[in-house]
$ cat start18.pdb   # PDB, C-alpha atoms
ATOM      1  CA  ASN A 146      73.258  14.538 -10.141
ATOM      2  CA  ALA A 147      76.101  12.070  -9.749
ATOM      3  CA  GLY A 148      73.748   9.081 -10.001
ATOM      4  CA  VAL A 149      75.284   5.973  -8.454
ATOM      5  CA  THR A 150      78.869   6.165  -7.241
ATOM      6  CA  GLN A 151      81.119   3.428  -5.893
ATOM      7  CA  THR A 152      84.314   3.523  -3.878
ATOM      8  CA  PRO A 153      86.971   2.309  -4.292
ATOM      9  CA  LYS A 154      87.378   1.685  -8.040
ATOM     10  CA  PHE A 155      90.111  -0.915  -7.586
ATOM     11  CA  ARG A 156      91.338  -2.988  -4.678
ATOM     12  CA  VAL A 157      93.753  -5.819  -4.126
ATOM     13  CA  LEU A 158      93.346  -7.971  -1.007
ATOM     14  CA  LYS A 159      95.211 -10.887   0.425
ATOM     15  CA  THR A 160      93.258 -13.991   1.362
ATOM     16  CA  GLY A 161      91.665 -13.537   4.770
ATOM     17  CA  GLN A 162      91.632  -9.742   4.734
ATOM     18  CA  SER A 163      88.423  -7.776   5.078
ATOM     19  CA  MET A 164      87.080  -4.751   3.288
ATOM     20  CA  THR A 165      83.970  -2.671   2.729
ATOM     21  CA  LEU A 166      82.685  -1.372  -0.593
ATOM     22  CA  LEU A 167      80.610   1.788  -0.475
ATOM     23  CA  CYS A 168      77.747   2.612  -2.802
ATOM     24  CA  ALA A 169      75.978   5.960  -2.784
ATOM     25  CA  GLN A 170      73.020   7.220  -4.833
ATOM     26  CA  ASP A 171      71.542  10.701  -4.994
ATOM     27  CA  MET A 172      68.261   9.836  -6.738
ATOM     28  CA  ASN A 173      66.286   9.130  -3.568
ATOM     29  CA  HIS A 174      65.731   5.537  -4.687
ATOM     30  CA  GLU A 175      64.255   3.053  -2.252
ATOM     31  CA  TYR A 176      65.783  -0.061  -3.787
ATOM     32  CA  MET A 177      69.507  -0.826  -3.951
ATOM     33  CA  TYR A 178      71.452  -3.867  -5.117
ATOM     34  CA  TRP A 179      74.902  -5.415  -5.130
ATOM     35  CA  TYR A 180      75.949  -7.628  -8.047
ATOM     36  CA  ARG A 181      79.098  -9.396  -9.034
ATOM     37  CA  GLN A 182      80.136  -9.850 -12.648
ATOM     38  CA  ASP A 183      82.274 -12.758 -13.738
ATOM     39  CA  PRO A 184      83.246 -13.601 -17.327
ATOM     40  CA  GLY A 185      80.590 -15.618 -19.149
ATOM     41  CA  MET A 186      78.188 -15.534 -16.200
ATOM     42  CA  GLY A 187      76.465 -12.202 -16.530
ATOM     43  CA  LEU A 188      75.598 -10.381 -13.329
ATOM     44  CA  ARG A 189      74.556 -12.257 -10.234
ATOM     45  CA  LEU A 190      72.711 -10.639  -7.359
ATOM     46  CA  ILE A 191      74.513 -10.801  -3.999
ATOM     47  CA  HIS A 192      72.218  -8.842  -1.694
ATOM     48  CA  TYR A 193      69.597  -6.186  -2.072
ATOM     49  CA  SER A 194      67.639  -3.678   0.008
ATOM     50  CA  VAL A 195      64.053  -2.488  -0.374
ATOM     51  CA  GLY A 196      64.505   0.486   1.934
ATOM     52  CA  GLU A 197      66.521   2.040   4.721
ATOM     53  CA  GLY A 198      67.294  -0.476   7.443
ATOM     54  CA  THR A 199      66.344  -3.526   5.337
ATOM     55  CA  THR A 200      68.484  -6.088   3.538
ATOM     56  CA  ALA A 201      67.791  -9.409   1.826
ATOM     57  CA  LYS A 202      69.808 -12.206   0.258
ATOM     58  CA  GLY A 203      70.170 -12.589  -3.453
ATOM     59  CA  GLU A 204      71.456 -15.448  -5.554
ATOM     60  CA  VAL A 205      75.043 -15.606  -4.214
ATOM     61  CA  PRO A 206      75.133 -14.136  -0.673
ATOM     62  CA  ASP A 207      77.674 -16.418   0.990
ATOM     63  CA  GLY A 208      80.820 -14.641   2.196
ATOM     64  CA  TYR A 209      79.249 -11.182   2.002
ATOM     65  CA  ASN A 210      77.350  -8.933   4.381
ATOM     66  CA  VAL A 211      75.519  -5.694   3.723
ATOM     67  CA  SER A 212      74.076  -2.753   5.590
ATOM     68  CA  ARG A 213      71.698   0.056   4.657
ATOM     69  CA  LEU A 214      71.811   2.470   7.575
ATOM     70  CA  LYS A 215      71.030   5.466   5.396
ATOM     71  CA  LYS A 216      68.714   5.522   2.407
ATOM     72  CA  GLN A 217      71.388   6.835   0.071
ATOM     73  CA  ASN A 218      74.124   4.355   1.045
ATOM     74  CA  PHE A 219      74.474   0.606   0.653
ATOM     75  CA  LEU A 220      77.616  -1.066   1.992
ATOM     76  CA  LEU A 221      78.991  -4.436   0.960
ATOM     77  CA  GLY A 222      81.412  -6.158   3.307
ATOM     78  CA  LEU A 223      83.778  -9.052   2.860
ATOM     79  CA  GLU A 224      84.765 -10.409   6.260
ATOM     80  CA  SER A 225      87.443 -12.853   5.121
ATOM     81  CA  ALA A 226      88.284 -12.505   1.450
ATOM     82  CA  ALA A 227      88.846 -15.574  -0.703
ATOM     83  CA  PRO A 228      90.289 -15.854  -4.234
ATOM     84  CA  SER A 229      86.812 -16.928  -5.432
ATOM     85  CA  GLN A 230      85.628 -13.408  -4.614
ATOM     86  CA  THR A 231      87.883 -11.919  -7.270
ATOM     87  CA  SER A 232      85.349 -10.179  -9.466
ATOM     88  CA  VAL A 233      83.911  -6.860 -10.590
ATOM     89  CA  TYR A 234      81.269  -5.587  -8.197
ATOM     90  CA  PHE A 235      78.430  -3.350  -9.285
ATOM     91  CA  CYS A 236      75.965  -1.430  -7.212
ATOM     92  CA  ALA A 237      72.601  -0.384  -8.614
ATOM     93  CA  SER A 238      69.489   1.430  -7.483
ATOM     94  CA  SER A 239      65.912   1.715  -8.684
ATOM     95  CA  GLN A 240      62.860   3.819  -7.969
ATOM     96  CA  GLY A 241      60.595   0.830  -7.575
ATOM     97  CA  GLN A 242      60.756  -2.926  -7.438
ATOM     98  CA  GLY A 243      63.840  -4.138  -9.243
ATOM     99  CA  GLY A 244      62.065  -6.590 -11.457
ATOM    100  CA  THR A 245      59.896  -3.983 -13.142
ATOM    101  CA  TYR A 246      61.756  -0.684 -12.888
ATOM    102  CA  GLU A 247      64.908   0.475 -14.632
ATOM    103  CA  GLN A 248      68.026  -0.017 -12.542
ATOM    104  CA  TYR A 249      70.814   2.563 -12.496
ATOM    105  CA  PHE A 250      74.323   1.158 -12.157
ATOM    106  CA  GLY A 251      77.516   2.480 -10.687
ATOM    107  CA  PRO A 252      80.863   2.254 -12.525
ATOM    108  CA  GLY A 253      82.007  -0.842 -10.661
ATOM    109  CA  THR A 254      84.799  -1.923  -8.308
ATOM    110  CA  ARG A 255      87.427  -4.350  -9.547
ATOM    111  CA  LEU A 256      88.530  -6.574  -6.667
ATOM    112  CA  THR A 257      91.419  -8.985  -6.809
ATOM    113  CA  VAL A 258      92.040 -11.427  -3.980
ATOM    114  CA  THR A 259      95.464 -13.068  -3.992
TER
ATOM    115  CA  ALA B 178      62.099 -19.944 -11.387
ATOM    116  CA  GLN B 179      62.854 -17.633 -14.242
ATOM    117  CA  SER B 180      65.780 -17.472 -16.595
ATOM    118  CA  VAL B 181      67.001 -15.917 -19.798
ATOM    119  CA  ALA B 182      69.413 -17.314 -22.326
ATOM    120  CA  GLN B 183      71.610 -15.523 -24.812
ATOM    121  CA  PRO B 184      72.679 -18.222 -27.251
ATOM    122  CA  GLU B 185      75.471 -16.206 -28.889
ATOM    123  CA  ASP B 186      78.577 -15.138 -27.005
ATOM    124  CA  GLN B 187      79.737 -12.995 -29.895
ATOM    125  CA  VAL B 188      77.984 -11.251 -32.780
ATOM    126  CA  ASN B 189      79.858  -9.477 -35.546
ATOM    127  CA  VAL B 190      78.147  -7.177 -38.015
ATOM    128  CA  ALA B 191      79.327  -4.675 -40.603
ATOM    129  CA  GLU B 192      78.614  -0.998 -40.026
ATOM    130  CA  GLY B 193      75.383   0.044 -41.719
ATOM    131  CA  ASN B 194      73.918  -3.466 -41.664
ATOM    132  CA  PRO B 195      71.005  -4.452 -39.432
ATOM    133  CA  LEU B 196      71.907  -6.163 -36.196
ATOM    134  CA  THR B 197      70.112  -8.700 -34.015
ATOM    135  CA  VAL B 198      71.129  -9.887 -30.561
ATOM    136  CA  LYS B 199      69.116 -12.896 -29.466
ATOM    137  CA  CYS B 200      67.453 -13.627 -26.137
ATOM    138  CA  THR B 201      65.031 -16.337 -25.065
ATOM    139  CA  TYR B 202      63.243 -16.479 -21.759
ATOM    140  CA  SER B 203      61.659 -18.945 -19.408
ATOM    141  CA  VAL B 204      59.362 -17.350 -16.858
ATOM    142  CA  SER B 205      56.135 -18.197 -15.142
ATOM    143  CA  GLY B 206      53.355 -15.724 -15.565
ATOM    144  CA  ASN B 207      53.707 -12.477 -17.470
ATOM    145  CA  PRO B 208      57.316 -11.721 -18.337
ATOM    146  CA  TYR B 209      59.099  -8.498 -17.543
ATOM    147  CA  LEU B 210      62.032  -8.283 -19.933
ATOM    148  CA  PHE B 211      64.894  -5.841 -20.234
ATOM    149  CA  TRP B 212      67.947  -5.062 -22.329
ATOM    150  CA  TYR B 213      71.033  -3.393 -20.873
ATOM    151  CA  VAL B 214      74.298  -2.382 -22.539
ATOM    152  CA  GLN B 215      77.766  -2.272 -21.007
ATOM    153  CA  TYR B 216      80.588  -0.286 -22.566
ATOM    154  CA  PRO B 217      84.177  -1.154 -21.583
ATOM    155  CA  ASN B 218      85.016  -0.387 -17.954
ATOM    156  CA  ARG B 219      81.552   1.038 -17.321
ATOM    157  CA  GLY B 220      78.425   0.001 -15.468
ATOM    158  CA  LEU B 221      75.329  -1.256 -17.252
ATOM    159  CA  GLN B 222      72.965   1.183 -18.939
ATOM    160  CA  PHE B 223      69.275   0.583 -19.494
ATOM    161  CA  LEU B 224      68.171   0.331 -23.140
ATOM    162  CA  LEU B 225      64.544  -0.748 -23.058
ATOM    163  CA  LYS B 226      61.957  -2.922 -21.350
ATOM    164  CA  TYR B 227      58.835  -4.899 -22.083
ATOM    165  CA  ILE B 228      56.141  -5.072 -19.430
ATOM    166  CA  THR B 229      52.956  -5.405 -21.418
ATOM    167  CA  GLY B 230      51.315  -4.043 -24.546
ATOM    168  CA  ASP B 231      52.864  -3.555 -27.963
ATOM    169  CA  ASN B 232      55.200  -6.387 -28.937
ATOM    170  CA  LEU B 233      57.671  -3.971 -30.516
ATOM    171  CA  VAL B 234      59.446  -1.912 -27.888
ATOM    172  CA  LYS B 235      61.531   1.110 -28.828
ATOM    173  CA  GLY B 236      64.452   2.178 -26.685
ATOM    174  CA  SER B 237      67.534   4.342 -26.499
ATOM    175  CA  TYR B 238      70.081   4.938 -29.286
ATOM    176  CA  GLY B 239      67.781   3.615 -32.018
ATOM    177  CA  PHE B 240      67.458   0.128 -30.546
ATOM    178  CA  GLU B 241      64.224  -1.817 -30.464
ATOM    179  CA  ALA B 242      63.205  -5.262 -29.298
ATOM    180  CA  GLU B 243      60.512  -7.624 -30.428
ATOM    181  CA  PHE B 244      58.617  -9.667 -27.867
ATOM    182  CA  ASN B 245      57.417 -12.993 -29.267
ATOM    183  CA  LYS B 246      55.323 -14.998 -26.852
ATOM    184  CA  SER B 247      55.005 -18.119 -28.991
ATOM    185  CA  GLN B 248      58.777 -18.366 -29.428
ATOM    186  CA  THR B 249      59.523 -17.051 -25.899
ATOM    187  CA  SER B 250      62.004 -14.615 -27.404
ATOM    188  CA  PHE B 251      62.930 -10.989 -26.913
ATOM    189  CA  HIS B 252      65.510 -10.174 -29.572
ATOM    190  CA  LEU B 253      67.266  -6.816 -29.670
ATOM    191  CA  LYS B 254      67.442  -5.139 -33.060
ATOM    192  CA  LYS B 255      68.729  -2.051 -34.819
ATOM    193  CA  PRO B 256      68.180  -1.256 -38.490
ATOM    194  CA  SER B 257      71.652   0.183 -39.127
ATOM    195  CA  ALA B 258      74.594  -0.629 -36.871
ATOM    196  CA  LEU B 259      77.235   1.901 -35.833
ATOM    197  CA  VAL B 260      80.811   1.193 -34.776
ATOM    198  CA  SER B 261      79.938   2.930 -31.505
ATOM    199  CA  ASP B 262      77.313   0.221 -30.826
ATOM    200  CA  SER B 263      80.148  -2.207 -30.095
ATOM    201  CA  ALA B 264      79.615  -3.285 -26.492
ATOM    202  CA  LEU B 265      78.425  -6.096 -24.243
ATOM    203  CA  TYR B 266      74.648  -6.575 -24.249
ATOM    204  CA  PHE B 267      72.642  -8.235 -21.520
ATOM    205  CA  CYS B 268      69.086  -9.498 -21.590
ATOM    206  CA  ALA B 269      67.331  -9.764 -18.219
ATOM    207  CA  SER B 270      64.036 -10.956 -16.813
ATOM    208  CA  GLY B 271      62.371  -9.403 -13.794
ATOM    209  CA  SER B 272      60.451 -10.878 -10.905
ATOM    210  CA  ALA B 273      58.906  -8.727  -8.200
ATOM    211  CA  ARG B 274      62.168  -7.499  -6.720
ATOM    212  CA  GLN B 275      65.013  -8.898  -8.768
ATOM    213  CA  LEU B 276      66.512  -9.059 -12.209
ATOM    214  CA  THR B 277      68.005 -12.241 -13.587
ATOM    215  CA  PHE B 278      70.603 -11.578 -16.257
ATOM    216  CA  GLY B 279      71.700 -13.600 -19.233
ATOM    217  CA  SER B 280      75.369 -14.330 -19.784
ATOM    218  CA  GLY B 281      75.828 -11.469 -22.230
ATOM    219  CA  THR B 282      76.574 -11.095 -25.937
ATOM    220  CA  GLN B 283      79.603  -9.192 -27.176
ATOM    221  CA  LEU B 284      78.593  -7.155 -30.217
ATOM    222  CA  THR B 285      81.325  -5.977 -32.544
ATOM    223  CA  VAL B 286      80.459  -3.635 -35.389
ATOM    224  CA  LEU B 287      83.142  -3.687 -38.048
ATOM    225  CA  PRO B 288      83.902  -0.487 -39.977
TER
END
$ encode --input "start18.pdb" --output "structure tokens"
Amino acid sequence: NAGVTQTPKFRVLKTGQSMTLLCAQDMNHEYMYWYRQDPGMGLRLIHYSVGEGTTAKGEVPDGYNVSRLKKQNFLLGLESAAPSQTSVYFCASSQGQGGTYEQYFGPGTRLTVT
Amino acid sequence: AQSVAQPEDQVNVAEGNPLTVKCTYSVSGNPYLFWYVQYPNRGLQFLLKYITGDNLVKGSYGFEAEFNKSQTSFHLKKPSALVSDSALYFCASGSARQLTFGSGTQLTVLP
């Protein structure tokens, strides 16, 4: 099993450009999450999904959109990138509700917006 | 609202000595508490969790954590530190669907 994979690993964008980050999991998990990690701030939840076709806002959703068209994939989109979105993005999945079950994390995507 | 705090940004310990990484929590109701570890350029890995029951929780790689309700703490411990334990450690609290993470503690084990 590959677990949770993320593409791309690195990306540099200019302000105003758009991009999509792809997360895939092969554990048949219902729940999936997108986080951003910034120095000294831990991980903050952007959006999450409790099943195929569902999405919900997390702590810092502004400037991001997500889609979960297939159970194994969770996409994070930036419509118009801003320097404040420079961060490391992590995807995670869990078998059950994220507050009580172990979450499995991908290796991360380092995004720089200039 | 729920939150966790990790009061130390950095903890240094000599190899072979016991280590403690501190975490305090503020949650309503019964707390669900977790510890995760992040090695350089990697995603987070689950170490252990407390849901209910025994206050001493044992986890991966010889780590354990002690839940203390009166002090609202959930400190991570290991009896004998290894250089390979050097990493970034996160405490987290869980609600029904989400985890809320602390700011992280960088643990450095000195040879």
$ atom_distance --input "start18.pdb" --atom1 "atom CA of Leu259 of chain B" --atom2 "atom CA of Leu224 of chain B"
15.7 Å
$ residues_around --input "start18.pdb" --residues "Gly253 of chain A" --least-positions-apart "4" --cutoff "9 Å" --atoms "only C-alpha atoms" --output "list in words"
Thr150, Gln151, Thr152, Pro153, Lys154, Phe155, Val233, Tyr234, Phe235 and Cys236 of chain A; Asn218, Arg219 and Gly220 of chain B
$ interface_residues --input "start18.pdb" --of "chain B" --to "chain A" --cutoff "9 Å" --atoms "all atoms listed in the file" --output "list in words"
Asp186, Tyr209, Leu210, Phe211, Asn218, Arg219, Gly220, Leu221, Gln222, Phe223, Leu225, Lys226, Ile228, Phe267, Ser270, Gly271, Ser272, Ala273, Arg274, Gln275, Leu276, Thr277, Phe278, Gly279, Ser280 and Gly281 of chain B
$ write_last_selection --input "start18.pdb" --atoms "C-alpha atoms" --output "PDB file, keeping the file's coordinate frame"
ATOM      1  CA  ASP B 186      78.577 -15.138 -27.005  1.00  0.00           C
ATOM      2  CA  TYR B 209      59.099  -8.498 -17.543  1.00  0.00           C
ATOM      3  CA  LEU B 210      62.032  -8.283 -19.933  1.00  0.00           C
ATOM      4  CA  PHE B 211      64.894  -5.841 -20.234  1.00  0.00           C
ATOM      5  CA  ASN B 218      85.016  -0.387 -17.954  1.00  0.00           C
ATOM      6  CA  ARG B 219      81.552   1.038 -17.321  1.00  0.00           C
ATOM      7  CA  GLY B 220      78.425   0.001 -15.468  1.00  0.00           C
ATOM      8  CA  LEU B 221      75.329  -1.256 -17.252  1.00  0.00           C
ATOM      9  CA  GLN B 222      72.965   1.183 -18.939  1.00  0.00           C
ATOM     10  CA  PHE B 223      69.275   0.583 -19.494  1.00  0.00           C
ATOM     11  CA  LEU B 225      64.544  -0.748 -23.058  1.00  0.00           C
ATOM     12  CA  LYS B 226      61.957  -2.922 -21.350  1.00  0.00           C
ATOM     13  CA  ILE B 228      56.141  -5.072 -19.430  1.00  0.00           C
ATOM     14  CA  PHE B 267      72.642  -8.235 -21.520  1.00  0.00           C
ATOM     15  CA  SER B 270      64.036 -10.956 -16.813  1.00  0.00           C
ATOM     16  CA  GLY B 271      62.371  -9.403 -13.794  1.00  0.00           C
ATOM     17  CA  SER B 272      60.451 -10.878 -10.905  1.00  0.00           C
ATOM     18  CA  ALA B 273      58.906  -8.727  -8.200  1.00  0.00           C
ATOM     19  CA  ARG B 274      62.168  -7.499  -6.720  1.00  0.00           C
ATOM     20  CA  GLN B 275      65.013  -8.898  -8.768  1.00  0.00           C
ATOM     21  CA  LEU B 276      66.512  -9.059 -12.209  1.00  0.00           C
ATOM     22  CA  THR B 277      68.005 -12.241 -13.587  1.00  0.00           C
ATOM     23  CA  PHE B 278      70.603 -11.578 -16.257  1.00  0.00           C
ATOM     24  CA  GLY B 279      71.700 -13.600 -19.233  1.00  0.00           C
ATOM     25  CA  SER B 280      75.369 -14.330 -19.784  1.00  0.00           C
ATOM     26  CA  GLY B 281      75.828 -11.469 -22.230  1.00  0.00           C
TER      27      GLY B 281
END
$ resolve_selection --input "start18.pdb" --expression "the PyMOL selection byres ((chain A and resi 199) around 10)" --output "number ranges by chain"
A: 176, 193-198, 200-201, 211-214, 216
$ resolve_selection --input "start18.pdb" --expression "the PyMOL selection byres ((chain B and resi 253) around 6)" --output "PyMOL selection string"
chain B and resi 197-198+241-242+252+254
$ atom_distance --input "start18.pdb" --atom1 "atom CA of Gln187 of chain B" --atom2 "atom CA of Pro228 of chain A"
27.9 Å
$ axis_aligned_box --input "start18.pdb" --around "segment 225-238 of chain B" --padding-each-side "8 Å" --output "lines of an AutoDock Vina configuration file"
center_x = 60.7
center_y = -0.7
center_z = -25.0
size_x = 34.8
size_y = 27.3
size_z = 27.1
$ residues_near_point --input "start18.pdb" --point "(60.3, -20.0, -17.7)" --cutoff "9 Å" --atoms "all atoms listed in the file" --output "list in words"
Ala178, Gln179, Ser180, Val181, Tyr202, Ser203, Val204, Ser205, Gly206, Pro208 and Thr249 of chain B
$ resolve_selection --input "start18.pdb" --expression "the PyMOL selection byres ((chain B and resi 286) around 12)" --output "tab-separated table (two decimals) with C-alpha atoms, in the coordinates of the input"
chain	number	residue	atom	x	y	z
B	187	GLN	CA	79.74	-13.00	-29.90
B	188	VAL	CA	77.98	-11.25	-32.78
B	189	ASN	CA	79.86	-9.48	-35.55
B	190	VAL	CA	78.15	-7.18	-38.02
B	191	ALA	CA	79.33	-4.68	-40.60
B	192	GLU	CA	78.61	-1.00	-40.03
B	193	GLY	CA	75.38	0.04	-41.72
B	194	ASN	CA	73.92	-3.47	-41.66
B	195	PRO	CA	71.00	-4.45	-39.43
B	196	LEU	CA	71.91	-6.16	-36.20
B	197	THR	CA	70.11	-8.70	-34.02
B	255	LYS	CA	68.73	-2.05	-34.82
B	257	SER	CA	71.65	0.18	-39.13
B	258	ALA	CA	74.59	-0.63	-36.87
B	259	LEU	CA	77.24	1.90	-35.83
B	260	VAL	CA	80.81	1.19	-34.78
B	261	SER	CA	79.94	2.93	-31.50
B	262	ASP	CA	77.31	0.22	-30.83
B	263	SER	CA	80.15	-2.21	-30.10
B	264	ALA	CA	79.61	-3.28	-26.49
B	265	LEU	CA	78.42	-6.10	-24.24
B	283	GLN	CA	79.60	-9.19	-27.18
B	284	LEU	CA	78.59	-7.16	-30.22
B	285	THR	CA	81.32	-5.98	-32.54
B	287	LEU	CA	83.14	-3.69	-38.05
B	288	PRO	CA	83.90	-0.49	-39.98
$ atom_distance --input "start18.pdb" --atom1 "atom CA of Gln162 of chain A" --atom2 "atom CA of Gly208 of chain A"
12.1 Å
$ closest_residue --input "start18.pdb" --among "A:Gln217, A:Glu175, A:Gln230, A:Gln240" --to "Arg156 of chain A" --atoms "all atoms listed in the file"
A:Gln230
